[in-house]
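Peer 1: Input file: data.pdb. Contents: PDB, C-alpha atoms and all ligand atoms.
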ATOM      1  CA  MET A   1     -17.409 -89.833 -84.959
ATOM      2  CA  ALA A   2     -19.986 -91.080 -87.456
ATOM      3  CA  LEU A   3     -17.536 -90.361 -90.269
ATOM      4  CA  VAL A   4     -14.744 -92.191 -88.483
ATOM      5  CA  ALA A   5     -17.045 -95.195 -88.011
ATOM      6  CA  GLU A   6     -17.910 -95.079 -91.707
ATOM      7  CA  TYR A   7     -14.257 -95.050 -92.683
ATOM      8  CA  LEU A   8     -13.324 -97.805 -90.221
ATOM      9  CA  GLY A   9     -16.149 -99.973 -91.465
ATOM     10  CA  GLN A  10     -14.709 -99.859 -94.948
ATOM     11  CA  LEU A  11     -11.239-100.687 -93.710
ATOM     12  CA  SER A  12     -12.485-103.776 -91.960
ATOM     13  CA  LEU A  13     -13.824-105.147 -95.239
ATOM     14  CA  SER A  14     -10.359-105.673 -96.635
ATOM     15  CA  PHE A  15      -8.473-106.875 -93.594
ATOM     16  CA  GLY A  16      -7.073-110.330 -93.021
ATOM     17  CA  ALA A  17      -7.839-111.515 -96.532
ATOM     18  CA  SER A  18      -4.804-113.813 -96.431
ATOM     19  CA  ASP A  19      -5.820-115.843 -93.357
ATOM     20  CA  PRO A  20      -8.441-118.591 -93.619
ATOM     21  CA  LYS A  21     -11.620-117.740 -91.711
ATOM     22  CA  TYR A  22     -13.730-119.946 -89.482
ATOM     23  CA  PRO A  23     -16.469-117.585 -88.311
ATOM     24  CA  SER A  24     -19.273-118.690 -86.017
ATOM     25  CA  VAL A  25     -21.199-115.533 -86.937
ATOM     26  CA  VAL A  26     -21.966-115.339 -90.661
ATOM     27  CA  PRO A  27     -24.133-112.953 -92.710
ATOM     28  CA  ALA A  28     -27.854-113.512 -92.104
ATOM     29  CA  LEU A  29     -29.771-114.450 -95.252
ATOM     30  CA  ASP A  30     -32.936-112.511 -96.130
ATOM     31  CA  PHE A  31     -31.429-109.643 -94.218
ATOM     32  CA  ASP A  32     -33.621-106.573 -93.821
ATOM     33  CA  PRO A  33     -32.021-103.855 -91.688
ATOM     34  CA  HIS A  34     -35.328-101.946 -91.443
ATOM     35  CA  ARG A  35     -37.178-104.958 -90.055
ATOM     36  CA  ASP A  36     -34.347-105.603 -87.564
ATOM     37  CA  ALA A  37     -34.224-101.942 -86.555
ATOM     38  CA  ALA A  38     -37.987-102.016 -85.904
ATOM     39  CA  ARG A  39     -37.676-105.176 -83.763
ATOM     40  CA  ILE A  40     -34.871-103.610 -81.752
ATOM     41  CA  GLU A  41     -36.754-100.349 -81.315
ATOM     42  CA  THR A  42     -39.744-102.256 -79.929
ATOM     43  CA  ALA A  43     -37.473-104.368 -77.692
ATOM     44  CA  ILE A  44     -35.811-101.256 -76.246
ATOM     45  CA  LYS A  45     -39.186 -99.570 -75.652
ATOM     46  CA  THR A  46     -40.726-102.634 -73.990
ATOM     47  CA  LYS A  47     -41.205-102.184 -70.273
ATOM     48  CA  GLY A  48     -38.233-103.830 -68.572
ATOM     49  CA  VAL A  49     -36.535-104.181 -71.999
ATOM     50  CA  ASP A  50     -36.895-107.295 -74.163
ATOM     51  CA  GLU A  51     -33.271-108.457 -73.936
ATOM     52  CA  GLN A  52     -34.013-111.757 -75.682
ATOM     53  CA  THR A  53     -34.963-110.042 -78.957
ATOM     54  CA  ILE A  54     -31.894-107.801 -78.843
ATOM     55  CA  ILE A  55     -29.694-110.876 -78.311
ATOM     56  CA  ASP A  56     -31.489-112.906 -81.012
ATOM     57  CA  VAL A  57     -31.062-110.192 -83.612
ATOM     58  CA  LEU A  58     -27.574-108.865 -82.886
ATOM     59  CA  THR A  59     -25.779-112.189 -82.309
ATOM     60  CA  LYS A  60     -27.095-113.519 -85.625
ATOM     61  CA  ARG A  61     -25.869-110.600 -87.742
ATOM     62  CA  THR A  62     -22.316-109.743 -88.797
ATOM     63  CA  TYR A  63     -20.674-106.471 -87.847
ATOM     64  CA  ASN A  64     -21.434-105.018 -91.279
ATOM     65  CA  GLN A  65     -25.088-105.985 -90.939
ATOM     66  CA  ARG A  66     -25.229-104.489 -87.428
ATOM     67  CA  ARG A  67     -23.940-101.229 -88.887
ATOM     68  CA  GLU A  68     -26.765-101.251 -91.415
ATOM     69  CA  ILE A  69     -29.233-101.904 -88.603
ATOM     70  CA  ALA A  70     -27.743 -98.984 -86.650
ATOM     71  CA  PHE A  71     -28.216 -96.739 -89.671
ATOM     72  CA  ALA A  72     -31.828 -97.844 -90.196
ATOM     73  CA  TYR A  73     -32.503 -97.449 -86.471
ATOM     74  CA  GLU A  74     -31.204 -93.895 -86.440
ATOM     75  CA  GLN A  75     -33.404 -93.063 -89.461
ATOM     76  CA  ARG A  76     -36.560 -94.253 -87.734
ATOM     77  CA  ALA A  77     -35.898 -93.522 -84.055
ATOM     78  CA  LYS A  78     -33.900 -90.321 -84.628
ATOM     79  CA  LYS A  79     -31.351 -91.420 -82.106
ATOM     80  CA  ASP A  80     -28.113 -93.293 -82.079
ATOM     81  CA  LEU A  81     -28.472 -97.067 -81.597
ATOM     82  CA  ILE A  82     -25.340 -97.415 -79.465
ATOM     83  CA  SER A  83     -26.550 -94.761 -76.983
ATOM     84  CA  ALA A  84     -30.000 -96.388 -76.923
ATOM     85  CA  LEU A  85     -28.491 -99.823 -76.201
ATOM     86  CA  LYS A  86     -26.264 -98.322 -73.497
ATOM     87  CA  ALA A  87     -29.315 -96.832 -71.816
ATOM     88  CA  ALA A  88     -31.426 -99.997 -72.165
ATOM     89  CA  LEU A  89     -28.892-102.642 -71.114
ATOM     90  CA  SER A  90     -26.561-103.077 -68.167
ATOM     91  CA  GLY A  91     -23.760-105.208 -66.782
ATOM     92  CA  SER A  92     -22.118-108.024 -68.745
ATOM     93  CA  LEU A  93     -24.822-108.084 -71.437
ATOM     94  CA  GLU A  94     -24.248-104.380 -72.134
ATOM     95  CA  THR A  95     -20.489-104.960 -72.404
ATOM     96  CA  VAL A  96     -20.893-107.755 -74.968
ATOM     97  CA  ILE A  97     -23.539-105.973 -77.059
ATOM     98  CA  LEU A  98     -21.532-102.740 -77.187
ATOM     99  CA  GLY A  99     -18.497-104.820 -78.159
ATOM    100  CA  LEU A 100     -20.505-106.238 -81.081
ATOM    101  CA  MET A 101     -21.217-102.723 -82.313
ATOM    102  CA  LYS A 102     -17.483-102.253 -82.962
ATOM    103  CA  SER A 103     -15.579-103.820 -85.852
ATOM    104  CA  PRO A 104     -13.058-106.493 -84.755
ATOM    105  CA  THR A 105     -10.251-103.986 -85.370
ATOM    106  CA  GLN A 106     -11.954-101.193 -83.427
ATOM    107  CA  TYR A 107     -12.667-103.678 -80.659
ATOM    108  CA  ASP A 108      -9.014-104.742 -80.429
ATOM    109  CA  ALA A 109      -7.713-101.161 -80.599
ATOM    110  CA  THR A 110     -10.115-100.140 -77.824
ATOM    111  CA  ALA A 111      -9.187-103.160 -75.673
ATOM    112  CA  ILE A 112      -5.484-102.294 -76.019
ATOM    113  CA  ARG A 113      -6.217 -98.676 -75.076
ATOM    114  CA  GLU A 114      -8.225 -99.833 -72.033
ATOM    115  CA  SER A 115      -5.356-102.075 -70.941
ATOM    116  CA  ILE A 116      -2.774 -99.282 -70.916
ATOM    117  CA  LYS A 117      -4.573 -96.051 -70.074
ATOM    118  CA  GLY A 118      -4.741 -94.794 -66.533
ATOM    119  CA  LEU A 119      -2.587 -96.013 -63.692
ATOM    120  CA  GLY A 120      -1.025 -99.417 -64.057
ATOM    121  CA  THR A 121      -1.303-101.799 -66.975
ATOM    122  CA  ASP A 122      -3.434-104.871 -67.624
ATOM    123  CA  GLU A 123      -0.521-106.905 -68.968
ATOM    124  CA  GLU A 124      -2.598-110.057 -69.417
ATOM    125  CA  SER A 125      -4.934-108.331 -71.907
ATOM    126  CA  LEU A 126      -2.130-106.487 -73.643
ATOM    127  CA  ILE A 127      -0.096-109.674 -74.111
ATOM    128  CA  GLU A 128      -3.062-111.708 -75.313
ATOM    129  CA  ILE A 129      -4.001-109.194 -77.991
ATOM    130  CA  LEU A 130      -0.569-108.177 -79.278
ATOM    131  CA  CYS A 131       0.887-111.705 -79.257
ATOM    132  CA  SER A 132      -2.099-113.476 -80.832
ATOM    133  CA  ARG A 133      -3.029-111.143 -83.696
ATOM    134  CA  SER A 134      -1.628-111.752 -87.167
ATOM    135  CA  ASN A 135       0.653-109.235 -88.843
ATOM    136  CA  ASP A 136      -2.218-108.091 -91.082
ATOM    137  CA  GLU A 137      -4.477-107.621 -88.085
ATOM    138  CA  LEU A 138      -1.791-105.612 -86.263
ATOM    139  CA  VAL A 139      -1.309-103.344 -89.286
ATOM    140  CA  GLU A 140      -5.056-102.529 -89.194
ATOM    141  CA  ILE A 141      -5.106-102.173 -85.404
ATOM    142  CA  LYS A 142      -2.327 -99.556 -85.576
ATOM    143  CA  LYS A 143      -4.237 -97.497 -88.172
ATOM    144  CA  VAL A 144      -7.485 -97.663 -86.254
ATOM    145  CA  TYR A 145      -5.772 -96.958 -82.918
ATOM    146  CA  LYS A 146      -4.440 -93.704 -84.353
ATOM    147  CA  GLU A 147      -7.849 -92.802 -85.822
ATOM    148  CA  LEU A 148      -9.693 -93.422 -82.583
ATOM    149  CA  PHE A 149      -7.228 -92.109 -80.009
ATOM    150  CA  LYS A 150      -5.021 -89.699 -81.983
ATOM    151  CA  LYS A 151      -1.967 -91.510 -80.640
ATOM    152  CA  GLU A 152       0.639 -93.883 -81.995
ATOM    153  CA  LEU A 153       0.251 -97.412 -80.665
ATOM    154  CA  GLU A 154       4.064 -97.800 -80.565
ATOM    155  CA  LYS A 155       4.434 -94.777 -78.300
ATOM    156  CA  ASP A 156       1.684 -95.880 -75.945
ATOM    157  CA  VAL A 157       3.090 -99.414 -75.662
ATOM    158  CA  ALA A 158       6.631 -98.089 -75.108
ATOM    159  CA  GLY A 159       5.374 -95.645 -72.494
ATOM    160  CA  ASP A 160       3.690 -98.354 -70.471
ATOM    161  CA  THR A 161       6.147-101.248 -70.539
ATOM    162  CA  SER A 162       9.874-101.643 -69.987
ATOM    163  CA  GLY A 163      12.934-103.806 -70.627
ATOM    164  CA  ASN A 164      12.857-106.835 -72.905
ATOM    165  CA  PHE A 165       9.072-107.109 -72.505
ATOM    166  CA  ALA A 166       8.740-103.651 -74.094
ATOM    167  CA  LYS A 167      11.221-104.593 -76.830
ATOM    168  CA  LEU A 168       9.221-107.687 -77.738
ATOM    169  CA  LEU A 169       5.855-105.888 -77.856
ATOM    170  CA  LEU A 170       7.347-103.032 -79.869
ATOM    171  CA  ALA A 171       8.893-105.443 -82.353
ATOM    172  CA  LEU A 172       5.434-107.019 -82.835
ATOM    173  CA  VAL A 173       3.756-103.635 -83.256
ATOM    174  CA  GLN A 174       6.358-102.694 -85.872
ATOM    175  CA  THR A 175       4.809-105.526 -87.963
ATOM    176  CA  LYS A 176       8.006-106.724 -89.619
ATOM    177  CA  ARG A 177       6.904-110.347 -89.949
ATOM    178  CA  ASP A 178       7.600-111.972 -93.342
ATOM    179  CA  ASP A 179       4.637-113.127 -95.380
ATOM    180  CA  PRO A 180       4.463-116.909 -95.781
ATOM    181  CA  SER A 181       6.481-118.082 -98.769
ATOM    182  CA  SER A 182       5.650-120.971-101.073
ATOM    183  CA  ILE A 183       9.331-121.951-100.989
ATOM    184  CA  VAL A 184      10.531-123.814 -97.899
ATOM    185  CA  ASP A 185      14.022-122.593 -96.984
ATOM    186  CA  TYR A 186      15.535-125.565 -95.117
ATOM    187  CA  ASP A 187      18.887-123.807 -94.595
ATOM    188  CA  LYS A 188      17.209-120.871 -92.899
ATOM    189  CA  ILE A 189      15.013-123.200 -90.817
ATOM    190  CA  ASP A 190      18.147-124.914 -89.561
ATOM    191  CA  THR A 191      20.037-121.646 -88.969
ATOM    192  CA  ASP A 192      17.130-120.150 -87.015
ATOM    193  CA  ALA A 193      16.604-123.299 -84.938
ATOM    194  CA  ARG A 194      20.282-123.350 -84.041
ATOM    195  CA  ALA A 195      20.304-119.587 -83.323
ATOM    196  CA  LEU A 196      17.358-119.968 -80.914
ATOM    197  CA  TYR A 197      19.238-122.747 -79.119
ATOM    198  CA  ASP A 198      22.575-120.875 -79.101
ATOM    199  CA  ALA A 199      20.848-117.757 -77.706
ATOM    200  CA  GLY A 200      19.081-119.604 -74.896
ATOM    201  CA  VAL A 201      19.423-123.120 -73.571
ATOM    202  CA  LYS A 202      23.036-123.486 -74.727
ATOM    203  CA  ILE A 203      24.414-120.462 -72.881
ATOM    204  CA  LYS A 204      24.392-118.981 -69.409
ATOM    205  CA  GLY A 205      21.705-116.301 -69.462
ATOM    206  CA  THR A 206      19.653-115.566 -72.581
ATOM    207  CA  ASP A 207      20.305-113.476 -75.674
ATOM    208  CA  VAL A 208      16.730-112.147 -75.736
ATOM    209  CA  PRO A 209      17.173-109.797 -78.749
ATOM    210  CA  THR A 210      17.982-112.827 -80.943
ATOM    211  CA  TRP A 211      14.827-114.600 -79.773
ATOM    212  CA  ILE A 212      12.804-111.447 -80.364
ATOM    213  CA  SER A 213      14.072-110.899 -83.900
ATOM    214  CA  ILE A 214      13.455-114.496 -84.994
ATOM    215  CA  MET A 215      10.020-114.717 -83.399
ATOM    216  CA  THR A 216       8.777-111.339 -84.669
ATOM    217  CA  GLU A 217      10.251-111.286 -88.170
ATOM    218  CA  ARG A 218       9.817-114.808 -89.566
ATOM    219  CA  SER A 219       6.607-116.081 -91.120
ATOM    220  CA  VAL A 220       4.387-118.406 -89.105
ATOM    221  CA  PRO A 221       4.806-121.498 -91.364
ATOM    222  CA  HIS A 222       8.587-120.995 -91.223
ATOM    223  CA  LEU A 223       8.548-120.781 -87.410
ATOM    224  CA  GLN A 224       6.446-123.944 -87.138
ATOM    225  CA  LYS A 225       9.235-125.796 -88.946
ATOM    226  CA  VAL A 226      11.922-124.011 -86.916
ATOM    227  CA  PHE A 227      10.362-125.257 -83.655
ATOM    228  CA  GLN A 228      10.333-128.832 -85.002
ATOM    229  CA  ARG A 229      13.986-128.540 -86.012
ATOM    230  CA  TYR A 230      14.790-126.883 -82.657
ATOM    231  CA  LYS A 231      14.119-130.196 -80.916
ATOM    232  CA  SER A 232      17.092-131.753 -82.687
ATOM    233  CA  TYR A 233      19.394-129.214 -80.985
ATOM    234  CA  SER A 234      17.759-128.685 -77.612
ATOM    235  CA  PRO A 235      16.677-131.274 -75.024
ATOM    236  CA  TYR A 236      13.749-128.954 -74.262
ATOM    237  CA  ASP A 237      11.097-127.969 -76.780
ATOM    238  CA  MET A 238      10.516-124.272 -77.443
ATOM    239  CA  GLN A 239       7.818-123.791 -74.805
ATOM    240  CA  GLU A 240       9.888-125.613 -72.155
ATOM    241  CA  SER A 241      12.929-123.535 -73.130
ATOM    242  CA  ILE A 242      10.964-120.289 -72.736
ATOM    243  CA  LYS A 243       9.887-121.374 -69.248
ATOM    244  CA  LYS A 244      13.495-122.146 -68.290
ATOM    245  CA  GLU A 245      15.090-119.065 -69.800
ATOM    246  CA  VAL A 246      12.841-116.071 -69.120
ATOM    247  CA  LYS A 247      10.335-114.948 -66.496
ATOM    248  CA  GLY A 248       7.250-112.834 -65.900
ATOM    249  CA  ASP A 249       5.588-110.853 -68.681
ATOM    250  CA  LEU A 250       8.344-111.705 -71.140
ATOM    251  CA  GLN A 251       7.814-115.416 -70.543
ATOM    252  CA  ALA A 252       4.033-115.031 -70.833
ATOM    253  CA  SER A 253       4.422-113.148 -74.132
ATOM    254  CA  PHE A 254       6.784-115.658 -75.744
ATOM    255  CA  LEU A 255       4.485-118.486 -74.660
ATOM    256  CA  VAL A 256       1.422-116.865 -76.219
ATOM    257  CA  LEU A 257       3.366-116.273 -79.436
ATOM    258  CA  VAL A 258       4.598-119.868 -79.688
ATOM    259  CA  GLN A 259       1.214-121.355 -78.752
ATOM    260  CA  CYS A 260      -0.442-119.214 -81.441
ATOM    261  CA  PHE A 261       2.160-120.184 -84.063
ATOM    262  CA  GLU A 262       1.483-123.826 -83.275
ATOM    263  CA  ASN A 263      -2.324-123.742 -83.049
ATOM    264  CA  LYS A 264      -4.001-120.396 -82.499
ATOM    265  CA  GLN A 265      -7.515-121.766 -82.081
ATOM    266  CA  LEU A 266      -6.322-124.246 -79.459
ATOM    267  CA  PHE A 267      -4.644-121.336 -77.665
ATOM    268  CA  PHE A 268      -7.988-119.509 -77.484
ATOM    269  CA  ALA A 269      -9.773-122.706 -76.435
ATOM    270  CA  ASN A 270      -7.314-123.128 -73.541
ATOM    271  CA  ARG A 271      -7.652-119.476 -72.580
ATOM    272  CA  LEU A 272     -11.441-119.741 -72.515
ATOM    273  CA  ASN A 273     -11.297-122.910 -70.456
ATOM    274  CA  GLU A 274      -8.933-121.410 -67.875
ATOM    275  CA  ALA A 275     -10.924-118.182 -67.700
ATOM    276  CA  MET A 276     -14.275-119.920 -67.183
ATOM    277  CA  LYS A 277     -12.978-122.418 -64.659
ATOM    278  CA  SER A 278     -10.837-119.981 -62.656
ATOM    279  CA  LYS A 279     -12.056-118.704 -59.326
ATOM    280  CA  GLY A 280     -13.900-115.461 -59.877
ATOM    281  CA  ALA A 281     -14.412-116.411 -63.532
ATOM    282  CA  LYS A 282     -12.490-113.996 -65.693
ATOM    283  CA  GLU A 283     -15.472-112.648 -67.547
ATOM    284  CA  LYS A 284     -13.383-109.993 -69.262
ATOM    285  CA  VAL A 285     -11.223-112.649 -70.952
ATOM    286  CA  VAL A 286     -14.241-114.741 -71.985
ATOM    287  CA  THR A 287     -16.065-111.720 -73.415
ATOM    288  CA  ARG A 288     -12.991-110.496 -75.267
ATOM    289  CA  ILE A 289     -12.230-113.808 -76.941
ATOM    290  CA  ILE A 290     -15.824-114.587 -77.953
ATOM    291  CA  VAL A 291     -16.528-111.082 -79.261
ATOM    292  CA  SER A 292     -13.212-110.560 -81.036
ATOM    293  CA  ARG A 293     -13.071-114.006 -82.681
ATOM    294  CA  CYS A 294     -16.719-114.640 -83.631
ATOM    295  CA  GLU A 295     -16.173-113.403 -87.187
ATOM    296  CA  VAL A 296     -12.603-114.708 -87.400
ATOM    297  CA  ASP A 297     -12.172-118.262 -86.111
ATOM    298  CA  LEU A 298     -14.570-118.969 -83.230
ATOM    299  CA  LYS A 299     -16.061-121.941 -85.068
ATOM    300  CA  LYS A 300     -12.649-123.598 -85.151
ATOM    301  CA  VAL A 301     -12.008-122.572 -81.529
ATOM    302  CA  CYS A 302     -15.208-124.524 -80.705
ATOM    303  CA  SER A 303     -13.992-127.638 -82.541
ATOM    304  CA  GLU A 304     -10.520-127.443 -80.927
ATOM    305  CA  TYR A 305     -12.216-127.006 -77.554
ATOM    306  CA  LYS A 306     -14.338-130.104 -77.980
ATOM    307  CA  ALA A 307     -11.431-132.186 -79.317
ATOM    308  CA  HIS A 308      -9.171-131.111 -76.440
ATOM    309  CA  PHE A 309     -11.532-131.063 -73.460
ATOM    310  CA  GLY A 310     -14.015-133.733 -74.530
ATOM    311  CA  GLN A 311     -16.964-131.428 -73.944
ATOM    312  CA  SER A 312     -18.269-128.601 -76.079
ATOM    313  CA  LEU A 313     -17.445-124.955 -75.399
ATOM    314  CA  GLN A 314     -21.195-124.313 -75.457
ATOM    315  CA  LYS A 315     -21.732-126.826 -72.618
ATOM    316  CA  THR A 316     -18.918-125.278 -70.558
ATOM    317  CA  ILE A 317     -20.405-121.812 -71.115
ATOM    318  CA  SER A 318     -23.798-123.042 -69.915
ATOM    319  CA  GLU A 319     -22.203-124.524 -66.790
ATOM    320  CA  HIS A 320     -20.104-121.492 -65.872
ATOM    321  CA  THR A 321     -22.162-118.444 -66.862
ATOM    322  CA  LYS A 322     -25.781-117.444 -66.427
ATOM    323  CA  GLY A 323     -28.683-115.270 -67.552
ATOM    324  CA  ASP A 324     -28.565-112.937 -70.528
ATOM    325  CA  TYR A 325     -24.765-113.034 -70.535
ATOM    326  CA  GLN A 326     -24.911-116.790 -71.120
ATOM    327  CA  LYS A 327     -27.520-116.357 -73.870
ATOM    328  CA  VAL A 328     -25.424-113.793 -75.728
ATOM    329  CA  LEU A 329     -22.257-115.959 -75.565
ATOM    330  CA  LEU A 330     -24.153-119.031 -76.771
ATOM    331  CA  GLY A 331     -25.732-116.962 -79.559
ATOM    332  CA  LEU A 332     -22.279-115.936 -80.770
ATOM    333  CA  CYS A 333     -20.839-119.470 -80.593
ATOM    334  CA  GLY A 334     -23.742-120.868 -82.600
ATOM    335  CA  PRO A 335     -25.019-124.430 -82.332
ATOM    336  CA  GLU A 336     -22.723-127.356 -81.548
ATOM    337  CA  ASP A 337     -21.524-129.252 -84.600
TER     338      ASP A 337
HETATM  339 CA    CA B 401      20.327-119.900 -70.993
END
Represent the structure contained in this file as structure tokens.
Peer 2:
Amino acid sequence: MALVAEYLGQLSLSFGASDPKYPSVVPALDFDPHRDAARIETAIKTKGVDEQTIIDVLTKRTYNQRREIAFAYEQRAKKDLISALKAALSGSLETVILGLMKSPTQYDATAIRESIKGLGTDEESLIEILCSRSNDELVEIKKVYKELFKKELEKDVAGDTSGNFAKLLLALVQTKRDDPSSIVDYDKIDTDARALYDAGVKIKGTDVPTWISIMTERSVPHLQKVFQRYKSYSPYDMQESIKKEVKGDLQASFLVLVQCFENKQLFFANRLNEAMKSKGAKEKVVTRIIVSRCEVDLKKVCSEYKAHFGQSLQKTISEHTKGDYQKVLLGLCGPED
């Protein structure tokens, strides 16, 4: 397991190099893993556990720094940091902190596994992860999924879903999306826009395979232009068309895809807002987004949130969560701009 973690850590260094990053968690300066490990050891040993110190240290270090702390901790305490944290913490705080001890790719792979193993499927989680991750991220998730669970992600997804919903998720997991090109192909933009219209709003029923191939194989910048062009053929924009044409999980998946093509950080901002304001606050969704995006684009999610809702994400978190869970989320979001 230690070797797998070592290997996965290295993988995560190279992933997503093509996408711009807007992390809210950045490498701590003057970083000393031995000093941090000592602080955490003392915090764990303190009667009643000093959660504040654990939160202060781990939310202000990147995943790679946390791995160095874990190594230094194991050298001095002669036990594994993750097991020690598991024993010391509980509830929502434990869930977030253990999430931070995984790389973003390990975290996603594990969340997908959680959503499909056992009886039934957590479609909401599965859709959010598979439809919002970039092609590069999905390539890494597939590798890590196989390393961690000795199973093919494709097979697990196919085994747990059916119909057009399964076809769409499988097409995404096959990672056939084109890389963005510096050349804008106006003919292809027009052809694709027309094909989306001809396969949906124009006809009785929907030619879902055509929608799936266009939305899973074209680059994101191309699709953004296709959806603009689409409006010159269809009286309904792409999101409205999806709502008219398809239902259930398939509809939810296409909507997440299109919202992410248009503005991924706004998609996450909306998701967070809904989850925090829903009855029985969907803590799982909030935790997943904050933990999985803090080193990717959470800073931009915060600015989209504020621009869209007129109040900061940090303020909404402080109104809708409490205790150590609130402190850890606020630590990961960082200060308001
Ligand atoms: Ca139709």
Peer 1: Between A:Lys142, A:Arg61, A:Lys202, A:Arg66, which residue has the minimum interatomic distance to ligand CA 401 (chain B), considering all atoms listed in the file?
Peer 2: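 With all atoms listed in the file as the atom set, the closest residue is A:Lys202.
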Peer 1: Please measure the separation of CA of Glu147 (chain A) and CA of Tyr107 (chain A), giving the value in Å to one decimal.
Peer 2: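 Between CA of Glu147 (chain A) and CA of Tyr107 (chain A) the gap works out to 13.0 Å.
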Peer 1: What is the CA of Trp211 (chain A) to CA of Arg177 (chain A) distance in Å?
Peer 2: 13.6 Å
Peer 1: What do you get as a PyMOL selection string if you pick all residues at most 9 Å from ligand CA 401 (chain B), counting only C-alpha atoms and all ligand atoms?
Peer 2: chain A and resi 197-207+241+244-246
Peer 1: Mind telling me what the PyMOL selection byres (((chain A and resi 18-31) around 9) and not hetatm) catches here, as a PyMOL selection string?
Peer 2: chain A and resi 15-17+32-33+35-36+59-65+134+136+293-302+331-335
Peer 1: So that I can check the surroundings of Asp108 (chain A), please list as a list in words every protein, DNA and RNA residue that reaches within 8 Å of it, counting all atoms listed in the file and ignoring chain neighbours fewer than 2 positions away.
Peer 2: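 With the cut-off at 8 Å, the set is Pro104, Thr105, Gln106, Thr110, Ala111, Ile112, Ile129, Ile141 and Ser292 of chain A.
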Peer 1: Between A:Asp50, A:Asp249, A:Glu319, A:Asp179, which is the closest to Glu217 (chain A) once you count all atoms listed in the file?
Peer 2: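 Counting all atoms listed in the file, the residue closest to Glu217 (chain A) is A:Asp179.
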Peer 1: Could you tell me which residues the PyMOL selection byres (((chain A and resi 269) around 8) and not hetatm) returns for this structure, as a VMD selection string?
Peer 2: chain A and resid 265 to 268 270 to 273 301 to 302 304 to 305
Peer 1: Written as a PyMOL selection string, which residues does the PyMOL selection byres (((chain A and resi 69-73) around 9) and not hetatm) give for the file shown?
Peer 2: chain A and resi 32-38+40-41+64-68+74-82+101
Peer 1: I'd like to know which of A:Asp185, A:Asp190, A:Glu114, A:Glu140 is closest to Val157 (chain A), using all atoms listed in the file.
Peer 2: A:Glu114
Peer 1: Do a neighbour search on Gly120 (chain A) at 10 Å with only C-alpha atoms, toss out local chain neighbours closer than 4 positions, and write the hits as a list in words.
Peer 2: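 Once the adjacent positions are removed, what remains is Ser115, Ile116, Asp160 and Thr161 of chain A.
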Peer 1: Enter the distance from CA of Leu250 (chain A) to CA of Val220 (chain A), in Å, rounded to one decimal.
Peer 2: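 One can read the CA of Leu250 (chain A) to CA of Val220 (chain A) distance as 19.6 Å.
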Peer 1: Excluding Asp324 (chain A) and residues on its chain fewer than 2 positions from it, collect all residues at most 12 Å away from it, counting only C-alpha atoms, and give them as an MDAnalysis selection string.
Peer 2: chainID A and resid 49:56 89:97 318 321:322 326:331
Peer 1: Residues at most 12 Å from Asn164 (chain A), counting all atoms listed in the file, excluding those fewer than 4 positions away in the same chain, as a PyMOL selection string?
Peer 2: chain A and resi 158+168-171+206-213+246-251+253-254
Peer 1: So that all listed atoms of region 153-165 of chain A fit with 3 Å spare on each side, what axis-aligned box centre and edge lengths in Å, to one decimal, would you give as lines of an AutoDock Vina configuration file?
Peer 2:
center_x = 6.6
center_y = -100.9
center_z = -75.3
size_x = 18.7
size_y = 18.3
size_z = 16.7
Peer 1: Quick one: residues within 9 Å of Lys188 (chain A), only C-alpha atoms counted, chain neighbours fewer than 5 positions away excluded, as a PyMOL selection string?
Peer 2: chain A and resi 193+222+226
Peer 1: Could you write those residues out with C-alpha atoms, as a tab-separated table (two decimals), keeping the file's coordinate frame?
Peer 2:
chain	number	residue	atom	x	y	z
A	193	ALA	CA	16.60	-123.30	-84.94
A	222	HIS	CA	8.59	-121.00	-91.22
A	226	VAL	CA	11.92	-124.01	-86.92
Peer 1: What residues have an atom no more than 9 Å from (-9.8, -93.7, -82.7) in the file's own frame, counting only C-alpha atoms, and can you write them as a list in words?
Peer 2: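 Neighbouring residues, ordered by chain and number, come to Met1, Val4, Gln106, Ala109, Thr110, Lys143, Val144, Tyr145, Lys146, Glu147, Leu148, Phe149, Lys150 and Lys151 of chain A.
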Peer 1: Please write region 320-326 of chain A of the preceding block to a file containing N, CA and C atoms, as a PDB file, in the first residue's frame?
Peer 2:
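part05.pdb, written as the output of this step:
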ATOM      1  N   HIS A 320     -24.146  27.947   7.090  1.00  0.00           N
ATOM      2  CA  HIS A 320     -24.814  26.649   6.926  1.00  0.00           C
ATOM      3  C   HIS A 320     -24.078  25.449   7.501  1.00  0.00           C
ATOM      4  N   THR A 321     -22.887  25.658   8.059  1.00  0.00           N
ATOM      5  CA  THR A 321     -22.173  24.532   8.672  1.00  0.00           C
ATOM      6  C   THR A 321     -21.719  24.979  10.056  1.00  0.00           C
ATOM      7  N   LYS A 322     -21.186  24.045  10.846  1.00  0.00           N
ATOM      8  CA  LYS A 322     -20.715  24.473  12.159  1.00  0.00           C
ATOM      9  C   LYS A 322     -19.505  23.681  12.642  1.00  0.00           C
ATOM     10  N   GLY A 323     -18.936  24.163  13.752  1.00  0.00           N
ATOM     11  CA  GLY A 323     -17.870  23.433  14.447  1.00  0.00           C
ATOM     12  C   GLY A 323     -16.604  23.240  13.641  1.00  0.00           C
ATOM     13  N   ASP A 324     -15.939  22.103  13.914  1.00  0.00           N
ATOM     14  CA  ASP A 324     -14.667  21.810  13.255  1.00  0.00           C
ATOM     15  C   ASP A 324     -14.857  21.604  11.754  1.00  0.00           C
ATOM     16  N   TYR A 325     -16.015  21.088  11.373  1.00  0.00           N
ATOM     17  CA  TYR A 325     -16.291  20.884   9.946  1.00  0.00           C
ATOM     18  C   TYR A 325     -16.259  22.232   9.225  1.00  0.00           C
ATOM     19  N   GLN A 326     -16.884  23.229   9.835  1.00  0.00           N
ATOM     20  CA  GLN A 326     -16.874  24.579   9.254  1.00  0.00           C
ATOM     21  C   GLN A 326     -15.434  25.118   9.162  1.00  0.00           C
TER      22      GLN A 326
END
